[in-house]
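Q: Structure provided below as structure tokens; questions to follow.
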Amino acid sequence: MLELKDLKVEVSGKEILHGVNLKINDAETHVLFGPNGAGKTTLLMAIMGFPEYKITGGSILFNGEDITDLPLHERARKGIGMSFQRPPTIKGVKTHQVIELSARNGISIDEAAKELNLGHLLNRDVNDGFSGGEIKRSELAQLMAQQPSFVLLDEPESGVDLENISLLGGAINKLLQKDMKRQRVNSGLIITHTGYILDYVDADVGHLLIEGIVPCAGNPREMLHHIKENGYEVCAICPTNC
């Protein structure tokens with residue numbers, strides 16, 4: 001579904017990603033580990049198409065089509081959706097309005113709100129005075145309304161208590177069609193710093209992003225255990241980087 005070929009990205013004239021190669025097939029959920037400042041969010045922003053994240057080399061293929069030069073809204077229309085680590089507060093725009101604007105294929109706003117216990121926030125300005133868990137739930141409600149086939153999630157467990165992580169995990173599983181008995185096709189890439197989300201969402205492959213490249217992939221739980229035991233410093237000097 002998604003393939004990155006030698007992707008190079010710069011922000012404000014500084015190269016952050018130095019040639020990332022990564023491939024995610026249909027119906028696969030991948031997670032991305034890496035230290036602070038490694039470029040994890042930059043990678044997701046570049047895939048989504050934010051213009052501040054300038055692609056200086058390589059390519060992004062989505063369902064076999066080169067989307068490297070497509071604007072953000074065209075990528076969203078093709079089926080890519082994103083939940084941000086720190087989304088902005090939008091004064092004057094109600095939460096139900098932004099969910100309605102995201103909605104496709106007759107999705108019920110009330111259904112998405114009920115799924116994420118969001119009903120009491122629908123008439124409030126987007127993210128204004130929301131807790132960390134409420135912000136994440138609002139973000140996922142927008143994604144559930146959008147129904148993307150490929151989901152980018154930037155640290156969904158960040159600033160969220162255990163009760164909300166469980167709720168978010170259920171919503172993410174629905175987005176990724178993991179609750180379906182028929183064959184699923186949706187895929188996703190999840191940035192996780194703590195790894196808590198792996199207790200609620202089963203991931204197929206883990207990747208390490210360090211020093212602007214993705215040097216290895218493996219079993220996500222084994223990788224997380226290694227990182228917790230040894231830290232990213234060992235990953236940086238390991239000959240195989242895994």
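Each chain of the structure tokens is named A, B, ... in the order shown, its residues numbered from 1; ligands are numbered from 1 in display order.
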Can you list every residue in range 103-191 of chain A that DSSP puts in strand (DSSP E), as a PDB file with C-alpha atoms, in the first residue's frame?
A:
ATOM      1  CA  ASP A 125     -14.339  24.651  19.905  1.00  0.00           C
ATOM      2  CA  VAL A 126     -11.840  22.159  18.492  1.00  0.00           C
ATOM      3  CA  PHE A 150      -4.004   4.158   5.360  1.00  0.00           C
ATOM      4  CA  VAL A 151      -3.665   5.675   8.834  1.00  0.00           C
ATOM      5  CA  LEU A 152      -0.730   7.650  10.245  1.00  0.00           C
ATOM      6  CA  LEU A 153      -0.792   7.923  14.053  1.00  0.00           C
ATOM      7  CA  ASP A 154       1.760  10.106  15.852  1.00  0.00           C
ATOM      8  CA  SER A 187      -2.986  -0.412   6.897  1.00  0.00           C
ATOM      9  CA  GLY A 188      -1.253   1.955   9.269  1.00  0.00           C
ATOM     10  CA  LEU A 189       2.002   3.374  10.596  1.00  0.00           C
ATOM     11  CA  ILE A 190       2.114   4.241  14.294  1.00  0.00           C
ATOM     12  CA  ILE A 191       4.808   6.222  16.073  1.00  0.00           C
TER      13      ILE A 191
END
Q: Please list as an MDAnalysis selection string every residue within 12 Å of Ala27 in chain A, counting only C-alpha atoms and excluding residues in the same chain fewer than 3 positions away.
A: chainID A and resid 1:2 24 30 149:151 173 175:178 180 182:189 202:205
Q: What does the distance between CA of Pro156 in chain A and CA of Val93 in chain A come to in Å, to one decimal place?
A: 22.9 Å
Q: Could you build a table of the residues in range 23-141 of chain A lying no more than 12 Å from range 3-16 of chain A, giving for each the nearest pair of atoms and their separation in Å rounded to one decimal place, using only C-alpha atoms, ordered by chain and ascending residue number, as JSON lines?
A:
{"residue": "A:Lys23", "atom": "CA", "partner": "A:Glu3", "partner_atom": "CA", "distance": 4.4}
{"residue": "A:Ile24", "atom": "CA", "partner": "A:Glu3", "partner_atom": "CA", "distance": 6.4}
{"residue": "A:Asn25", "atom": "CA", "partner": "A:Glu3", "partner_atom": "CA", "distance": 8.4}
{"residue": "A:Asp26", "atom": "CA", "partner": "A:Glu3", "partner_atom": "CA", "distance": 11.1}
{"residue": "A:Gly37", "atom": "CA", "partner": "A:Ile16", "partner_atom": "CA", "distance": 9.0}
{"residue": "A:Ala38", "atom": "CA", "partner": "A:Ile16", "partner_atom": "CA", "distance": 7.8}
{"residue": "A:Gly39", "atom": "CA", "partner": "A:Ile16", "partner_atom": "CA", "distance": 6.1}
{"residue": "A:Lys40", "atom": "CA", "partner": "A:Ile16", "partner_atom": "CA", "distance": 9.6}
{"residue": "A:Thr41", "atom": "CA", "partner": "A:Ile16", "partner_atom": "CA", "distance": 10.4}
{"residue": "A:Thr42", "atom": "CA", "partner": "A:Ile16", "partner_atom": "CA", "distance": 7.5}
{"residue": "A:Leu43", "atom": "CA", "partner": "A:Val9", "partner_atom": "CA", "distance": 7.9}
{"residue": "A:Leu44", "atom": "CA", "partner": "A:Val9", "partner_atom": "CA", "distance": 10.9}
{"residue": "A:Met45", "atom": "CA", "partner": "A:Val9", "partner_atom": "CA", "distance": 10.0}
{"residue": "A:Ala46", "atom": "CA", "partner": "A:Val9", "partner_atom": "CA", "distance": 7.3}
{"residue": "A:Ile47", "atom": "CA", "partner": "A:Leu4", "partner_atom": "CA", "distance": 8.7}
{"residue": "A:Gly49", "atom": "CA", "partner": "A:Val9", "partner_atom": "CA", "distance": 11.2}
{"residue": "A:Phe50", "atom": "CA", "partner": "A:Val11", "partner_atom": "CA", "distance": 10.7}
{"residue": "A:Pro51", "atom": "CA", "partner": "A:Val11", "partner_atom": "CA", "distance": 9.5}
{"residue": "A:Glu52", "atom": "CA", "partner": "A:Val11", "partner_atom": "CA", "distance": 6.4}
{"residue": "A:Tyr53", "atom": "CA", "partner": "A:Val11", "partner_atom": "CA", "distance": 5.3}
{"residue": "A:Lys54", "atom": "CA", "partner": "A:Glu10", "partner_atom": "CA", "distance": 5.3}
{"residue": "A:Ile55", "atom": "CA", "partner": "A:Val9", "partner_atom": "CA", "distance": 4.5}
{"residue": "A:Thr56", "atom": "CA", "partner": "A:Lys8", "partner_atom": "CA", "distance": 5.5}
{"residue": "A:Gly57", "atom": "CA", "partner": "A:Lys8", "partner_atom": "CA", "distance": 4.8}
{"residue": "A:Gly58", "atom": "CA", "partner": "A:Leu7", "partner_atom": "CA", "distance": 4.3}
{"residue": "A:Ser59", "atom": "CA", "partner": "A:Lys5", "partner_atom": "CA", "distance": 5.3}
{"residue": "A:Ile60", "atom": "CA", "partner": "A:Leu4", "partner_atom": "CA", "distance": 4.8}
{"residue": "A:Leu61", "atom": "CA", "partner": "A:Glu3", "partner_atom": "CA", "distance": 5.1}
{"residue": "A:Phe62", "atom": "CA", "partner": "A:Glu3", "partner_atom": "CA", "distance": 6.6}
{"residue": "A:Asn63", "atom": "CA", "partner": "A:Glu3", "partner_atom": "CA", "distance": 8.4}
{"residue": "A:Gly64", "atom": "CA", "partner": "A:Glu3", "partner_atom": "CA", "distance": 8.2}
{"residue": "A:Glu65", "atom": "CA", "partner": "A:Glu3", "partner_atom": "CA", "distance": 9.7}
{"residue": "A:Asp66", "atom": "CA", "partner": "A:Glu3", "partner_atom": "CA", "distance": 9.4}
{"residue": "A:Ile67", "atom": "CA", "partner": "A:Glu3", "partner_atom": "CA", "distance": 10.4}
{"residue": "A:Thr68", "atom": "CA", "partner": "A:Leu4", "partner_atom": "CA", "distance": 9.6}
Q: As a list in words, please: every residue in range 137-192 of chain A that DSSP puts in alpha helix (DSSP H).
A: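 DSSP-assigned alpha helix (DSSP H) residues in range 137-192 of chain A: Arg137, Ser138, Glu139, Leu140, Ala141, Gln142, Leu143, Met144, Ala145, Gln146, Leu162, Glu163, Asn164, Ile165, Ser166, Leu167, Leu168, Gly169, Gly170, Ala171, Ile172, Asn173, Lys174 and Leu175 of chain A.
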Q: Those residues you just picked out, can you put them in a file as a compact mmCIF listing (two decimals), in the first residue's frame with C-alpha atoms?
A:
# COMPACT_ATOMS: atom_id res chain seq x y z
CA ARG A 137 -10.39 10.96 20.98
CA SER A 138 -11.41 13.95 18.88
CA GLU A 139 -8.63 13.21 16.41
CA LEU A 140 -9.70 9.59 16.06
CA ALA A 141 -13.36 10.57 15.62
CA GLN A 142 -12.31 12.70 12.65
CA LEU A 143 -10.39 9.74 11.21
CA MET A 144 -13.32 7.38 11.75
CA ALA A 145 -15.51 9.83 9.84
CA GLN A 146 -12.92 10.14 7.05
CA LEU A 162 -4.79 4.08 30.85
CA GLU A 163 -8.58 4.27 30.56
CA ASN A 164 -8.33 6.46 27.48
CA ILE A 165 -5.60 4.30 25.94
CA SER A 166 -7.99 1.34 26.06
CA LEU A 167 -10.71 3.42 24.37
CA LEU A 168 -8.27 4.69 21.75
CA GLY A 169 -6.96 1.20 21.13
CA GLY A 170 -10.46 -0.02 20.31
CA ALA A 171 -11.00 2.87 17.88
CA ILE A 172 -7.63 2.30 16.20
CA ASN A 173 -8.45 -1.38 15.77
CA LYS A 174 -11.69 -0.39 14.04
CA LEU A 175 -9.83 2.03 11.77
Q: Taking a cut-off of 10 Å and counting only C-alpha atoms, can you build a table that, for each residue of range 128-201 of chain A near range 215-232 of chain A, reports the nearest atom pair and how far apart they are in Å (one decimal), sorted by chain then residue number, as CSV?
A:
residue,atom,partner,partner_atom,distance
A:Thr192,CA,A:Leu224,CA,9.7
A:His193,CA,A:Leu224,CA,9.4
A:Thr194,CA,A:Leu224,CA,8.6
A:Gly195,CA,A:Leu224,CA,6.9
A:Leu198,CA,A:Arg221,CA,7.8
A:Asp199,CA,A:Arg221,CA,9.8
Q: Which residues are close to Ile90 in chain A, i.e. within 12 Å by only C-alpha atoms, leaving aside same-chain residues fewer than 6 positions away? Reply as a list in words.
A: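 The residues that qualify are Gln97, Val98, Arg124, Asp125, Val126, Asn127, Asp128, Gly129, Phe130 and Ile135 of chain A.
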Q: What's the separation between CA of His207 in chain A and CA of Leu32 in chain A, in Å to one decimal place?
A: 4.9 Å
